[in-house]
Each structure stands twice: as structure tokens, then as C-alpha cells.
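Reproduced below: query_9.cif, with mmCIF, C-alpha atoms.
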```cif
data_run
loop_
_atom_site.label_atom_id
_atom_site.label_comp_id
_atom_site.auth_asym_id
_atom_site.auth_seq_id
_atom_site.Cartn_x
_atom_site.Cartn_y
_atom_site.Cartn_z
CA MET A 24 22.59 12.34 8.87
CA ALA A 25 20.53 12.59 12.03
CA GLY A 26 23.46 11.23 14.06
CA ILE A 27 25.86 13.74 12.55
CA LEU A 28 23.54 16.63 13.38
CA GLY A 29 23.21 15.32 16.93
CA LEU A 30 26.97 15.17 17.40
CA LEU A 31 27.33 18.63 15.91
CA SER A 32 24.77 20.06 18.34
CA PHE A 33 26.59 18.43 21.25
CA ALA A 34 29.96 19.81 20.06
CA LEU A 35 28.47 23.31 19.80
CA PHE A 36 27.15 23.03 23.35
CA ILE A 37 30.60 22.03 24.64
CA ALA A 38 32.14 24.94 22.69
CA LEU A 39 29.62 27.30 24.31
CA ILE A 40 30.56 26.13 27.81
CA VAL A 41 34.30 26.44 27.08
CA GLY A 42 33.79 29.82 25.39
CA LEU A 43 31.90 31.23 28.37
CA VAL A 44 34.81 30.21 30.62
CA LYS A 45 37.59 31.35 28.27
CA PRO A 46 36.44 32.94 24.98
CA SER A 47 39.95 32.95 23.45
CA LEU A 48 39.99 29.14 23.29
CA VAL A 49 36.96 29.16 20.98
CA LEU A 50 37.25 32.43 19.05
CA ARG A 51 40.84 32.02 17.88
CA TRP A 52 40.24 34.01 14.68
CA THR A 53 39.29 37.26 16.39
CA ASN A 54 41.54 39.72 18.20
CA LYS A 55 38.96 40.58 20.85
CA PRO A 56 37.14 37.42 21.92
CA THR A 57 34.29 38.06 24.38
CA ARG A 58 31.61 35.96 26.00
CA LEU A 59 28.93 37.91 24.10
CA LYS A 60 30.57 36.98 20.78
CA VAL A 61 30.74 33.34 21.87
CA ILE A 62 26.98 33.37 22.56
CA GLY A 63 26.35 35.09 19.21
CA TYR A 64 28.37 32.57 17.20
CA TRP A 65 26.79 29.71 19.13
CA PHE A 66 23.29 31.01 18.40
CA LEU A 67 24.10 31.40 14.69
CA SER A 68 25.48 27.85 14.58
CA ILE A 69 22.37 26.46 16.25
CA VAL A 70 20.14 28.23 13.69
CA ILE A 71 22.16 26.74 10.80
CA THR A 72 22.04 23.29 12.41
CA GLY A 73 18.27 23.62 12.83
CA ILE A 74 17.85 24.51 9.15
CA LEU A 75 19.92 21.48 8.16
CA GLY A 76 17.79 19.34 10.46
CA VAL A 77 14.56 20.56 8.85
CA MET A 78 16.00 19.88 5.41
CA PHE A 79 16.97 16.39 6.52
CA ILE A 80 13.49 15.69 7.93
CA ASP A 81 11.84 16.91 4.72
CA ASP A 82 14.14 14.68 2.67
CA THR A 83 13.32 11.69 4.89
CA ILE A 84 9.57 12.32 4.61
CA ASN A 85 9.87 12.63 0.83
CA ALA A 86 11.93 9.44 0.68
CA LYS A 87 9.28 7.53 2.65
CA ALA A 88 6.61 8.82 0.28
CA ASN A 89 8.72 7.72 -2.70
CA ILE A 90 9.12 4.22 -1.26
CA GLU A 91 5.40 3.89 -0.47
CA SER A 92 4.55 5.02 -3.99
CA ALA A 93 7.11 2.61 -5.47
CA ASN A 94 5.70 -0.32 -3.51
CA LYS A 95 2.22 0.41 -4.90
CA TYR A 96 3.63 0.55 -8.43
CA ILE A 97 5.39 -2.79 -7.88
CA GLU A 98 2.16 -4.39 -6.60
CA ASN A 99 0.38 -3.22 -9.76
CA GLY A 100 3.21 -4.43 -12.01
CA ASN A 101 4.25 -0.90 -13.04
CA TYR A 102 7.96 -1.45 -12.48
CA SER A 103 9.32 1.44 -14.56
CA ASN A 104 7.36 4.00 -12.50
CA ALA A 105 8.52 2.28 -9.32
CA ILE A 106 12.17 2.61 -10.36
CA SER A 107 11.63 6.27 -11.27
CA GLU A 108 10.25 7.00 -7.81
CA LEU A 109 13.13 5.21 -6.09
CA GLU A 110 15.82 6.95 -8.14
CA LYS A 111 14.68 10.26 -6.66
CA ILE A 112 16.14 9.23 -3.28
CA GLN A 113 19.63 10.69 -2.80
CA GLU A 114 22.71 8.80 -1.53
CA THR A 115 22.80 11.02 1.56
CA ASP A 116 19.34 9.85 2.61
CA SER A 117 19.09 7.17 5.33
CA LEU A 118 16.60 5.26 3.17
CA TYR A 119 18.94 5.13 0.18
CA ASN A 120 19.98 1.50 0.73
CA ASN A 121 16.34 0.43 1.07
CA ALA A 122 15.58 2.21 -2.19
CA GLN A 123 18.44 0.41 -3.95
CA LEU A 124 17.16 -2.99 -2.83
CA LEU A 125 13.69 -2.13 -4.13
CA ILE A 126 15.18 -0.98 -7.43
CA LYS A 127 16.86 -4.37 -7.84
CA ARG A 128 13.59 -6.12 -7.03
CA ALA A 129 11.57 -4.01 -9.47
CA ASP A 130 14.23 -4.49 -12.15
CA SER A 131 14.27 -8.26 -11.72
CA LEU A 132 10.47 -8.43 -11.82
CA SER A 133 10.35 -6.33 -14.98
CA ASN A 134 12.77 -8.74 -16.68
CA LEU A 135 10.60 -11.80 -16.07
CA THR A 136 9.48 -13.62 -19.21
CA ASP A 137 5.76 -13.75 -20.05
CA GLU A 138 5.69 -17.40 -19.00
CA GLU A 139 7.32 -16.63 -15.66
CA LYS A 140 4.85 -13.79 -15.09
CA ARG A 141 1.95 -16.11 -15.90
CA ILE A 142 3.23 -18.74 -13.45
CA ALA A 143 3.80 -16.09 -10.78
CA ASN A 144 0.28 -14.72 -11.24
CA GLU A 145 -1.23 -18.20 -11.10
CA LEU A 146 0.70 -18.95 -7.93
CA LYS A 147 -0.45 -15.68 -6.40
CA ALA A 148 -4.07 -16.42 -7.31
CA GLU A 149 -3.78 -19.95 -5.94
CA ASN A 150 -2.36 -18.72 -2.64
CA ALA A 151 -5.11 -16.10 -2.37
CA LYS A 152 -7.72 -18.81 -3.00
CA LYS A 153 -6.18 -21.05 -0.33
CA GLU A 154 -6.18 -18.16 2.14
CA GLU A 155 -9.83 -17.39 1.35
CA LEU A 156 -10.78 -21.05 1.83
CA LEU A 157 -8.97 -21.11 5.15
CA LYS A 158 -10.85 -18.01 6.33
CA GLN A 159 -14.17 -19.51 5.17
CA LYS A 160 -13.41 -22.79 6.96
CA GLU A 161 -12.48 -20.97 10.18
CA GLN A 162 -15.68 -18.90 10.02
CA LEU A 163 -17.87 -21.97 9.54
CA GLU A 164 -16.17 -23.79 12.39
CA ARG A 165 -16.48 -20.70 14.60
CA GLU A 166 -20.24 -20.40 13.95
CA ILE A 167 -20.83 -24.11 14.56
CA LYS A 168 -18.89 -23.89 17.82
CA SER A 169 -20.87 -20.84 18.98
CA ILE A 170 -24.13 -22.72 18.37
CA ASP A 171 -22.88 -25.79 20.22
CA GLU A 172 -21.89 -23.61 23.20
CA GLY A 173 -25.39 -22.10 23.26
CA ILE A 174 -26.90 -18.82 22.10
CA LYS A 175 -29.86 -17.07 23.72
CA PHE A 176 -32.72 -15.92 21.51
CA ALA A 177 -36.06 -14.18 22.15
CA ASP A 178 -34.55 -12.75 25.31
CA GLY A 179 -34.92 -9.06 24.41
CA ASN A 180 -37.32 -6.52 25.87
CA SER A 181 -37.64 -4.44 22.72
CA ILE A 182 -38.59 -5.08 19.11
CA ASP A 183 -35.15 -3.94 17.97
CA GLU A 184 -33.49 -6.58 20.16
CA LEU A 185 -35.75 -9.30 18.77
CA GLN A 186 -35.05 -8.17 15.22
CA MET A 187 -31.31 -8.49 15.90
CA ASP A 188 -31.92 -12.20 16.60
CA ILE A 189 -33.42 -12.53 13.14
CA VAL A 190 -30.46 -10.61 11.66
CA VAL A 191 -28.22 -13.33 13.13
CA PHE A 192 -30.28 -15.92 11.24
CA GLY A 193 -29.77 -13.84 8.09
CA SER A 194 -26.00 -13.76 8.64
CA TRP A 195 -25.93 -17.52 9.02
CA ALA A 196 -27.98 -17.92 5.84
CA LYS A 197 -25.41 -15.88 3.90
CA ILE A 198 -22.52 -17.96 5.27
CA ILE A 199 -24.37 -21.19 4.42
CA LYS A 200 -25.17 -20.04 0.88
CA GLU A 201 -21.50 -19.21 0.23
CA ALA A 202 -20.49 -22.64 1.55
CA GLU A 203 -23.03 -24.39 -0.70
CA GLU A 204 -21.61 -22.55 -3.72
CA SER A 205 -18.03 -23.57 -2.87
CA GLU A 206 -16.23 -26.23 -4.91
CA ASN A 207 -14.37 -27.42 -1.83
CA THR A 208 -15.85 -30.59 -0.31
CA GLU A 209 -14.84 -29.73 3.25
CA ILE A 210 -16.44 -26.29 3.00
CA LYS A 211 -19.64 -27.83 1.57
CA ASN A 212 -19.84 -30.35 4.42
CA LEU A 213 -19.30 -27.66 7.04
CA GLY A 214 -22.00 -25.54 5.38
CA LYS A 215 -24.37 -28.51 5.44
CA LYS A 216 -23.65 -29.06 9.13
CA LEU A 217 -24.24 -25.39 9.96
CA LYS A 218 -27.45 -25.34 7.92
CA SER A 219 -28.84 -28.30 9.87
CA LYS A 220 -28.09 -26.63 13.20
CA VAL A 221 -29.50 -23.26 12.14
CA SER A 222 -32.66 -24.88 10.78
CA ARG A 223 -33.32 -26.56 14.13
CA ILE A 224 -32.69 -23.32 16.01
CA GLN A 225 -35.11 -21.38 13.80
CA ILE A 226 -37.85 -24.01 14.23
CA ARG A 227 -37.41 -23.73 17.99
CA GLU A 228 -36.93 -19.98 18.31
CA PHE A 229 -39.25 -18.30 15.78
CA PRO A 230 -42.39 -19.22 17.82
CA ASN A 231 -40.70 -17.70 20.90
CA LEU A 232 -39.76 -14.58 18.94
CA ARG A 233 -43.37 -14.17 17.73
CA LYS A 234 -44.72 -14.69 21.24
CA GLN A 235 -42.31 -12.14 22.71
CA TYR A 236 -43.02 -9.68 19.87
CA ALA A 237 -46.79 -9.88 20.51
CA LYS A 238 -46.21 -9.31 24.24
CA ILE A 239 -44.09 -6.20 23.63
CA VAL A 240 -46.56 -4.76 21.12
CA ALA A 241 -49.47 -5.50 23.49
CA ASN A 242 -47.82 -3.40 26.20
CA LYS A 243 -47.27 -0.57 23.72
CA MET A 244 -50.81 -0.67 22.28
CA TRP A 245 -52.63 -1.01 25.62
CA GLU A 246 -52.91 2.73 26.10
CA ASN A 247 -54.57 2.96 22.65
CA ASP A 248 -57.22 0.42 23.72
CA ILE A 249 -55.88 -2.20 21.31
CA GLU A 250 -55.35 -5.76 22.53
CA VAL A 251 -52.65 -7.86 20.90
CA SER A 252 -51.97 -11.60 21.15
CA ALA A 253 -50.34 -14.41 19.22
CA ASN A 254 -51.94 -17.86 18.94
CA GLY A 255 -52.06 -21.02 16.89
CA THR A 256 -49.41 -23.66 16.34
CA GLY A 257 -46.02 -21.96 16.50
CA LYS A 258 -47.73 -18.64 17.39
CA LYS A 259 -48.12 -17.92 13.66
CA TYR A 260 -51.27 -15.81 14.00
CA ILE A 261 -51.22 -12.33 15.49
CA ASN A 262 -54.48 -10.76 16.61
CA PHE A 263 -55.30 -7.06 16.92
CA SER A 264 -58.57 -6.18 18.68
CA GLY A 265 -59.97 -2.68 19.24
CA GLY A 266 -62.74 -0.30 18.37
CA VAL A 267 -60.50 1.48 15.87
CA PHE A 268 -60.71 -1.62 13.66
CA ALA A 269 -64.44 -1.26 13.13
CA ALA A 270 -63.49 0.68 9.98
CA ASN A 271 -61.91 -1.26 7.13
CA LYS A 272 -59.85 1.79 6.22
CA ASN A 273 -58.12 1.69 9.59
CA LYS A 274 -57.37 -2.02 9.25
CA LYS A 275 -55.76 -1.51 5.86
CA GLU A 276 -53.68 1.48 6.97
CA PHE A 277 -52.51 -0.31 10.11
CA GLN A 278 -51.60 -3.44 8.14
CA THR A 279 -49.56 -1.37 5.68
CA GLN A 280 -47.54 0.03 8.57
CA VAL A 281 -46.80 -3.29 10.27
CA GLN A 282 -46.66 -5.73 7.33
CA GLU A 283 -42.89 -5.59 6.82
CA VAL A 284 -42.02 -6.32 10.44
CA LEU A 285 -44.72 -9.01 10.71
CA ASN A 286 -43.23 -10.71 7.66
CA MET A 287 -39.82 -10.50 9.28
CA PHE A 288 -41.14 -12.45 12.30
CA ARG A 289 -42.78 -14.87 9.86
CA PHE A 290 -46.37 -14.44 11.04
CA LYS A 291 -48.66 -16.36 8.71
CA GLN A 292 -51.69 -14.13 9.29
CA SER A 293 -52.61 -10.88 10.99
CA ARG A 294 -56.22 -10.80 12.19
CA TYR A 295 -58.29 -7.72 13.04
CA ARG A 296 -61.43 -7.64 15.24
CA TRP A 297 -63.65 -4.87 16.46
CA TYR A 298 -63.59 -6.43 19.95
CA LYS A 299 -61.73 -9.39 21.41
CA GLY A 300 -64.67 -11.82 21.58
CA GLU A 301 -65.84 -11.22 18.01
CA SER A 302 -66.02 -14.49 16.05
CA GLU A 303 -65.51 -12.90 12.66
CA TYR A 304 -62.33 -11.11 11.71
CA THR A 305 -60.52 -9.56 8.76
CA TYR A 306 -57.20 -11.21 8.01
CA TYR A 307 -54.16 -10.59 5.84
CA THR A 308 -51.96 -13.47 4.67
CA MET A 309 -48.20 -12.92 4.92
CA PHE A 310 -45.30 -15.36 5.28
CA GLU A 311 -46.31 -18.76 3.87
CA GLY A 312 -43.00 -20.59 4.17
CA LYS A 313 -41.52 -22.65 6.99
CA ASP A 314 -39.57 -21.39 9.98
CA SER A 315 -36.72 -23.70 8.98
CA GLU A 316 -36.13 -21.86 5.68
CA PRO A 317 -33.05 -19.57 5.42
CA VAL A 318 -33.65 -15.95 6.42
CA THR A 319 -33.09 -13.44 3.62
CA PHE A 320 -33.71 -9.70 3.48
CA GLU A 321 -34.17 -9.24 -0.27
#
```
Take the structure in the file and write it out as C-alpha cells.
Amino acid sequence: MAGILGLLSFALFIALIVGLVKPSLVLRWTNKPTRLKVIGYWFLSIVITGILGVMFIDDTINAKANIESANKYIENGNYSNAISELEKIQETDSLYNNAQLLIKRADSLSNLTDEEKRIANELKAENAKKEELLKQKEQLEREIKSIDEGIKFADGNSIDELQMDIVVFGSWAKIIKEAEESENTEIKNLGKKLKSKVSRIQIREFPNLRKQYAKIVANKMWENDIEVSANGTGKKYINFSGGVFAANKNKKEFQTQVQEVLNMFRFKQSRYRWYKGESEYTYYTMFEGKDSEPVTFE
């Protein structure tokens, strides 16, 4: 239809040119052909052609919508509705042949026996499972490769950047857990391999993350006359020293504010002193696990 309208528009243009040269060759049905009449008839013809074009475009848009709707019905097994949508497309539409092919497909699917439908559904589910296993395998191999190539941790200059390192550990933990729950031996073995690598990284990097965290916080708290440091094996103890911590109320309130993030960095204790050299301190116990354990955010 679009091609016909294009040819018609071209023919009208040629007729306009001829009519402007010799009106009698175009306006054979009138006794007094003039150039003005030629222009008038040409303009009227163009308007009609434009209207036909708009109607054609609307029909094409509607036909596309019908086909999209029919495809969704077919995917959901609602073949009768799919056929109804496709039958709305007229023979004059450029998508008519496509619609007819879809009608045949929907009709053949609707005539499947219950056993054939069951087999088809099982095959579809099996293929989906294979595709999911392939994606899981590729993801595990990709993560293992990225670790082997080397990843920098504890390299940030802000707490947010350091926390993103721990989020990476959490992502790995989720991938590992899904692999452990898989029934596929290859997936399980890849998950075991990734878990071993991640465990070693966490043992190495969590002390560095705690050290860097204490350094960043120390710089922030300096102007408030609070000294901050991390010590002990694996930097598992964080120390806050300052006159503000002479009051137990202040210690408790401060601990409430920082406890969540300190747990995230797996500090074992937070210790509060009135001044740096004080031998006695108030402490709060937090993370009591090992750095090698999977990171979760529950």
C-alpha cells in the first residue's frame, strides 16, 4: 500500500508539471482548462492521497499492536485470543501474511494433545534450566578469573569506598551460596573453588580495611579532639580517646551511632578512654566470627 501511494504521488507530480505547460493535456474533461485549475485539482489530489496515507499508517500501527498482543497470548498458551487478535488484520495490510502464519502456528499449538503439551512444557523447562546453569557457570568462572587477575582492596580514601569493598565480598557470598545449593556437580565445584579464594582474600584484606577505616575516621575526628586507632592482631580493636568519653552517656550514644558500620568492618571490640594513655577503658563487644566467614547483610 505504501508503494502504491508513493507511485500515485509521483504520477500526480508529473501531471502537475505537464498541466502547467499545457493544461488541456491533463484537464480533458473541462472545456476551459487553465493552469490555476490544474493546481487546484493537484492540491485536492494530494490532500486525498495524504488522508489515505494516514489511514494506511494507522492500520499498520494497529496491525503491529495486534501481532504483539497475539504473540503474548501465544506465549501464555491463550491461543484462541491470539487468533482473534490476528483475524482483525485486513488482507490489504502489509502485515497480513505475517498474521496468517501466526494464525497457523496458534492453531497448531491449540490442537496439541495433553501429552504433547506436557512434553513441550517439560522440554521448555529443561532448556530454561540448562540456560540458567550455563549463566551460573559463566558467572562463577568470571569471578574466579577476576580474582586470579588481581583486585585491589582497602585502596579507598573514604568510608563509602571501603564499604564498597565489603559489598563485593557480600556479592561473592551470594554467588557461592547459590552454587552450594545447586544439584549440578560442576557448579558445586566451581562454588567451592570461589569460596576458597574469597576466604583467603577476606583473611588478608579485612585487617587492611579496618586499618584504613581507623585512619580515615581519625582524620575526621581530629578536629573534635578525639583520637582514633586500630590495634591488636588483625586490627580487630578500635580505640576512641577523648575528653567527651569521660561520661558513660556519651560513650553509649556514640557506640549506638557507629555500631552498625563497625560490625560491617568486623571489629571485635570498640574501646573508649577519657585520654589516650588511660589504662582502663570501656569496651563494647561486636563481631565475634572470623574474617574468612561469608559476608551477609541480613
List, as a PDB file with C-alpha atoms, in the frame of the given file, every residue that the PyMOL selection byres ((chain A and resi 216) around 12) selects in the file provided.
```pdb
ATOM      1  CA  LEU A 163     -17.870 -21.970   9.540  1.00  0.00           C
ATOM      2  CA  GLU A 164     -16.170 -23.790  12.390  1.00  0.00           C
ATOM      3  CA  GLU A 166     -20.240 -20.400  13.950  1.00  0.00           C
ATOM      4  CA  ILE A 167     -20.830 -24.110  14.560  1.00  0.00           C
ATOM      5  CA  LYS A 168     -18.890 -23.890  17.820  1.00  0.00           C
ATOM      6  CA  ILE A 170     -24.130 -22.720  18.370  1.00  0.00           C
ATOM      7  CA  ASP A 171     -22.880 -25.790  20.220  1.00  0.00           C
ATOM      8  CA  TRP A 195     -25.930 -17.520   9.020  1.00  0.00           C
ATOM      9  CA  ILE A 198     -22.520 -17.960   5.270  1.00  0.00           C
ATOM     10  CA  ILE A 199     -24.370 -21.190   4.420  1.00  0.00           C
ATOM     11  CA  ALA A 202     -20.490 -22.640   1.550  1.00  0.00           C
ATOM     12  CA  GLU A 203     -23.030 -24.390  -0.700  1.00  0.00           C
ATOM     13  CA  GLU A 209     -14.840 -29.730   3.250  1.00  0.00           C
ATOM     14  CA  ILE A 210     -16.440 -26.290   3.000  1.00  0.00           C
ATOM     15  CA  LYS A 211     -19.640 -27.830   1.570  1.00  0.00           C
ATOM     16  CA  ASN A 212     -19.840 -30.350   4.420  1.00  0.00           C
ATOM     17  CA  LEU A 213     -19.300 -27.660   7.040  1.00  0.00           C
ATOM     18  CA  GLY A 214     -22.000 -25.540   5.380  1.00  0.00           C
ATOM     19  CA  LYS A 215     -24.370 -28.510   5.440  1.00  0.00           C
ATOM     20  CA  LEU A 217     -24.240 -25.390   9.960  1.00  0.00           C
ATOM     21  CA  LYS A 218     -27.450 -25.340   7.920  1.00  0.00           C
ATOM     22  CA  SER A 219     -28.840 -28.300   9.870  1.00  0.00           C
ATOM     23  CA  LYS A 220     -28.090 -26.630  13.200  1.00  0.00           C
ATOM     24  CA  VAL A 221     -29.500 -23.260  12.140  1.00  0.00           C
ATOM     25  CA  SER A 222     -32.660 -24.880  10.780  1.00  0.00           C
ATOM     26  CA  ARG A 223     -33.320 -26.560  14.130  1.00  0.00           C
TER      27      ARG A 223
END
```
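With all atoms listed in the file as the basis for measurement, A:Phe288 is the residue among A:Phe288, A:Tyr295, A:Phe192, A:Tyr102 that approaches Phe310 in chain A most closely.
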Two-atom distance - CA of Asn101 in chain A, CA of Asn150 in chain A (Å): 21.7 Å
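Here the residues that fall within 9 Å of (-36.9, -10.7, 1.5), using only C-alpha atoms, are given as Asn286, Met287, Val318, Thr319, Phe320 and Glu321 of chain A.
The spacing separating CA of Glu316 in chain A from CA of Gln225 in chain A amounts to 8.2 Å.
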A:Arg128, A:Arg227, A:Arg294, A:Arg289 ranked by distance to Phe268 in chain A, top pick (using all atoms listed in the file): A:Arg294
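You will find CA of Val281 in chain A at 19.6 Å from CA of Lys299 in chain A.
Using all atoms listed in the file, the nearest neighbour of Asp116 in chain A within the list A:Leu285, A:Phe263, A:Gln278, A:Lys87 is A:Lys87.
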Nearest to Asn242 in chain A by atom-to-atom distance, counting only C-alpha atoms, from A:Leu125, A:Leu132, A:Ile182, A:Ile226: A:Ile182
Result set, the PyMOL selection byres ((chain A and resi 185) around 10) on current file, as an NGL selection string: :A and (176-184 or 186-190 or 231-233 or 235-236 or 288)
